[in-house]
$ cat structure-v4.tsv   # TSV, C-alpha atoms
chain	number	residue	atom	x	y	z
A	1	SER	CA	11.82	12.54	10.96
A	2	THR	CA	9.42	15.24	12.21
A	3	GLY	CA	8.24	13.31	15.26
A	4	ARG	CA	4.62	13.48	14.03
A	5	ALA	CA	2.45	10.40	13.67
A	6	ALA	CA	1.66	9.45	10.06
A	7	LEU	CA	-0.55	6.99	8.20
A	8	LEU	CA	1.26	4.99	5.53
A	9	SER	CA	-0.63	3.47	2.61
A	10	ASN	CA	-0.37	3.33	-1.16
A	11	ASN	CA	-0.31	6.18	-3.66
A	12	HIS	CA	-3.25	4.51	-5.42
A	13	VAL	CA	-5.21	4.55	-2.13
A	14	PHE	CA	-4.36	8.02	-0.76
A	15	ALA	CA	-3.19	10.13	-3.69
A	16	TRP	CA	-3.81	8.56	-7.12
A	17	ASN	CA	-0.82	10.43	-8.60
A	18	ILE	CA	-0.30	8.01	-11.44
A	19	ASP	CA	1.41	9.25	-14.62
A	20	THR	CA	-1.23	10.10	-17.25
A	21	MET	CA	-4.34	9.48	-15.13
A	22	PRO	CA	-6.85	12.36	-15.29
A	23	TYR	CA	-7.27	12.63	-11.49
A	24	LYS	CA	-4.44	13.64	-9.16
A	25	GLY	CA	-4.50	13.94	-5.38
A	26	LEU	CA	-3.38	17.24	-3.86
A	27	TYR	CA	-1.31	18.11	-0.82
A	28	GLY	CA	-3.66	18.56	2.14
A	29	GLU	CA	-6.52	16.62	0.55
A	30	SER	CA	-8.86	14.83	2.97
A	31	ILE	CA	-8.25	11.11	3.66
A	32	SER	CA	-11.36	9.29	4.87
A	33	GLN	CA	-11.98	6.01	6.65
A	34	PRO	CA	-13.66	3.90	5.47
A	35	GLY	CA	-12.67	4.84	1.94
A	36	ALA	CA	-14.48	5.22	-1.38
A	37	ALA	CA	-14.18	1.49	-2.16
A	38	ASP	CA	-16.51	0.89	0.79
A	39	ASN	CA	-19.13	3.28	-0.63
A	40	PHE	CA	-18.02	6.04	1.70
A	41	TYR	CA	-18.84	9.65	0.90
A	42	PHE	CA	-16.31	11.80	2.79
A	43	LYS	CA	-17.97	12.10	6.20
A	44	ASP	CA	-15.20	10.88	8.50
A	45	GLU	CA	-11.89	12.53	7.72
A	46	VAL	CA	-8.99	10.85	9.52
A	47	ALA	CA	-6.00	12.55	7.88
A	48	LYS	CA	-4.68	15.00	5.30
A	49	LEU	CA	-2.53	13.88	2.36
A	50	GLU	CA	1.08	14.86	3.01
A	51	LYS	CA	3.45	13.15	0.55
A	52	TRP	CA	3.58	10.48	-2.16
A	53	ILE	CA	5.88	8.99	-4.76
A	54	ASP	CA	4.46	9.40	-8.27
A	55	ILE	CA	3.84	6.23	-10.25
A	56	LYS	CA	5.21	6.29	-13.80
A	57	GLN	CA	4.96	3.80	-16.64
A	58	ILE	CA	8.49	2.51	-15.89
A	59	GLY	CA	11.09	2.80	-13.13
A	60	ASN	CA	8.86	2.22	-10.10
A	61	LYS	CA	9.97	0.56	-6.87
A	62	ILE	CA	7.11	1.60	-4.58
A	63	ASP	CA	3.44	2.50	-4.53
A	64	ALA	CA	3.33	4.59	-1.36
A	65	ALA	CA	1.93	7.74	0.19
A	66	TYR	CA	1.44	9.05	3.68
A	67	ALA	CA	-0.97	11.31	5.46
A	68	ILE	CA	-0.95	13.22	8.73
A	69	PRO	CA	-3.78	12.22	11.11
A	70	THR	CA	-6.45	14.77	12.02
A	71	VAL	CA	-8.02	12.48	14.66
A	72	ASP	CA	-6.73	10.19	17.41
A	73	ILE	CA	-5.60	6.93	15.77
A	74	SER	CA	-4.84	4.96	18.93
A	75	GLU	CA	-7.53	2.33	18.39
A	76	PRO	CA	-6.54	-1.30	19.11
A	77	ASN	CA	-5.21	-3.47	16.30
A	78	SER	CA	-7.47	-6.49	15.76
A	79	CYS	CA	-4.54	-8.72	14.77
A	80	ASP	CA	-2.25	-7.60	17.63
A	81	LEU	CA	0.15	-6.50	14.90
A	82	TYR	CA	2.38	-3.48	15.28
A	83	THR	CA	5.50	-2.37	13.47
A	84	ASN	CA	8.92	-1.58	14.81
A	85	LYS	CA	11.85	-0.80	12.52
A	86	SER	CA	12.10	-1.86	8.88
A	87	GLU	CA	13.97	-4.98	7.86
A	88	ILE	CA	15.18	-6.29	4.50
A	89	PRO	CA	12.99	-9.27	3.47
A	90	GLN	CA	14.67	-12.66	3.09
A	91	LEU	CA	13.54	-15.69	1.06
A	92	GLY	CA	11.51	-18.09	3.21
A	93	MET	CA	10.88	-15.47	5.92
A	94	ASN	CA	7.64	-15.98	7.88
A	95	VAL	CA	5.52	-12.83	7.84
A	96	ARG	CA	2.02	-11.63	8.72
A	97	LYS	CA	-0.32	-8.73	7.98
A	98	ALA	CA	-3.74	-7.32	8.78
A	99	GLY	CA	-5.71	-6.75	5.57
A	100	ARG	CA	-9.09	-5.07	5.15
A	101	THR	CA	-10.38	-8.03	3.13
A	102	THR	CA	-8.25	-11.02	4.12
A	103	GLY	CA	-8.02	-10.12	7.82
A	104	CYS	CA	-5.13	-11.56	9.84
A	105	VAL	CA	-3.01	-13.75	7.56
A	106	ASN	CA	0.39	-15.43	7.62
A	107	GLY	CA	2.65	-15.74	4.61
A	108	ILE	CA	6.07	-16.75	3.38
A	109	VAL	CA	8.39	-14.55	1.32
A	110	GLU	CA	8.71	-16.27	-2.08
A	111	SER	CA	10.80	-13.62	-3.86
A	112	THR	CA	12.56	-10.40	-2.88
A	113	ASP	CA	13.44	-8.92	-6.28
A	114	SER	CA	10.64	-9.58	-8.75
A	115	LEU	CA	9.52	-7.53	-11.74
A	116	PHE	CA	5.78	-6.88	-12.27
A	117	PHE	CA	3.49	-5.00	-14.62
A	118	ILE	CA	0.57	-3.59	-12.62
A	119	ASP	CA	-2.60	-2.24	-14.22
A	120	TYR	CA	-4.16	0.84	-12.60
A	121	LYS	CA	-7.75	1.42	-13.69
A	122	LEU	CA	-9.84	4.55	-13.16
A	123	ASN	CA	-13.50	4.78	-14.15
A	124	VAL	CA	-14.12	8.08	-15.96
A	125	GLY	CA	-17.70	8.61	-17.06
A	126	ASP	CA	-18.72	5.68	-19.24
A	127	SER	CA	-15.24	4.29	-19.79
A	128	ASP	CA	-12.12	3.12	-17.98
A	129	VAL	CA	-8.68	4.68	-18.21
A	130	ILE	CA	-5.94	2.07	-17.72
A	131	LEU	CA	-2.25	2.67	-17.15
A	132	THR	CA	0.19	-0.24	-16.95
A	133	ALA	CA	3.17	0.52	-14.73
A	134	LEU	CA	6.38	-1.51	-14.44
A	135	PHE	CA	7.71	-2.17	-10.91
A	136	ASP	CA	11.01	-3.80	-9.96
A	137	ASP	CA	12.63	-4.93	-6.68
A	138	ILE	CA	9.22	-6.25	-5.60
A	139	VAL	CA	8.49	-8.73	-2.78
A	140	VAL	CA	6.18	-11.69	-3.47
A	141	ILE	CA	4.43	-13.34	-0.52
A	142	SER	CA	2.19	-16.40	-0.60
A	143	GLY	CA	0.32	-18.46	1.97
A	144	ASP	CA	-1.90	-21.49	2.53
A	145	VAL	CA	-4.88	-19.20	1.87
A	146	PRO	CA	-5.15	-16.08	-0.32
A	147	VAL	CA	-3.09	-13.36	1.39
A	148	SER	CA	-3.96	-10.42	-0.88
A	149	GLN	CA	-7.42	-9.52	-2.13
A	150	PRO	CA	-8.98	-6.25	-3.36
A	151	GLY	CA	-9.16	-3.90	-0.37
A	152	ASP	CA	-5.89	-5.12	1.21
A	153	SER	CA	-3.79	-2.39	-0.42
A	154	GLY	CA	-1.76	-0.49	2.14
A	155	SER	CA	-1.39	-3.44	4.54
A	156	MET	CA	2.11	-3.70	6.02
A	157	TRP	CA	3.78	-7.11	6.07
A	158	VAL	CA	5.81	-7.60	9.25
A	159	THR	CA	8.12	-10.32	10.50
A	160	SER	CA	6.39	-13.01	12.56
A	161	ASN	CA	9.11	-12.84	15.21
A	162	GLY	CA	9.54	-9.17	16.01
A	163	ASP	CA	7.00	-7.16	14.03
A	164	ASN	CA	9.64	-5.50	11.85
A	165	ALA	CA	8.16	-3.96	8.71
A	166	ILE	CA	9.35	-5.68	5.52
A	167	SER	CA	6.95	-4.66	2.75
A	168	LEU	CA	3.76	-2.76	1.91
A	169	ASN	CA	1.05	-4.70	0.04
A	170	PHE	CA	-0.12	-2.89	-3.11
A	171	ALA	CA	-1.40	-5.56	-5.50
A	172	GLY	CA	-2.15	-9.24	-5.78
A	173	THR	CA	-2.37	-12.06	-8.26
A	174	PRO	CA	-5.63	-13.86	-9.18
A	175	ASP	CA	-4.70	-16.72	-6.81
A	176	GLY	CA	-4.29	-14.31	-3.86
A	177	THR	CA	-0.50	-13.94	-3.78
A	178	SER	CA	0.74	-10.59	-2.44
A	179	ILE	CA	2.74	-8.12	-4.52
A	180	SER	CA	4.42	-5.66	-2.17
A	181	CYS	CA	7.12	-2.99	-2.11
A	182	LYS	CA	10.03	-3.11	0.31
A	183	ALA	CA	9.71	-1.04	3.49
A	184	THR	CA	13.39	-0.12	3.15
A	185	ASN	CA	12.73	1.31	-0.36
A	186	ILE	CA	9.89	3.39	1.08
A	187	GLU	CA	12.21	4.76	3.77
A	188	ASN	CA	14.91	5.54	1.20
A	189	LEU	CA	12.50	7.43	-1.08

$ encode --input "structure-v4.tsv" --output "structure tokens"
Amino acid sequence: STGRAALLSNNHVFAWNIDTMPYKGLYGESISQPGAADNFYFKDEVAKLEKWIDIKQIGNKIDAAYAIPTVDISEPNSCDLYTNKSEIPQLGMNVRKAGRTTGCVNGIVESTDSLFFIDYKLNVGDSDVILTALFDDIVVISGDVPVSQPGDSGSMWVTSNGDNAISLNFAGTPDGTSISCKATNIENL
């Protein structure tokens, strides 16, 4: 709406504004690439945190946040995957995404309105703090190979025939099935 470029990812990647968790991201906070999960120590800022939707214990539809770039982000996409407008996902739809861990993968939409409990875990000192959050209106995507692994959070699923954004990957099952939130819900919120 502002005409500025933005980076879209998950709240749990960019902001960590999750209900009772002891750490909260702040407006304007530095976003780095690669991130902390890749043993990165804040040398290469790429953006500043702009906005997020808080995650609560119940009533969640999305895990999303965006940041405003502080560097040129026009690098080529290794999967030749770009997004146009958003589209409502349909059962059986062929989709694809570029994930940090899984790389370029294809999938099929298995469900468009699932309910999931997602555990968010934060290591604090010698212990873990865990919050279980309930999400509804969730998209489930599977494939011939695992399509969601740790590190793939924030990957956008797009239609195979038109690159329209349908959902944002934010979790996965042990067998590698993607749990994602609808792109249209992100736009609406």

$ atom_distance --input "structure-v4.tsv" --atom1 "CA of Gly28 (chain A)" --atom2 "CA of Tyr66 (chain A)"
10.9 Å

$ atom_distance --input "structure-v4.tsv" --atom1 "CA of Ala6 (chain A)" --atom2 "CA of Pro69 (chain A)"
6.2 Å

$ atom_distance --input "structure-v4.tsv" --atom1 "CA of Thr20 (chain A)" --atom2 "CA of Phe170 (chain A)"
19.2 Å

$ residues_around --input "structure-v4.tsv" --residues "Gln90 (chain A)" --least-positions-apart "4" --cutoff "10 Å" --atoms "all atoms listed in the file" --output "JSON, numbers by chain"
{"A": [94, 108, 109, 110, 111, 112, 139, 166]}

$ closest_residue --input "structure-v4.tsv" --among "A:Gly25, A:Gly3, A:Gly151, A:Pro89" --to "Cys181 (chain A)" --atoms "only C-alpha atoms"
A:Pro89

$ closest_residue --input "structure-v4.tsv" --among "A:Asn123, A:Gln57, A:Ser167, A:Ser30" --to "Arg96 (chain A)" --atoms "all atoms listed in the file"
A:Ser167
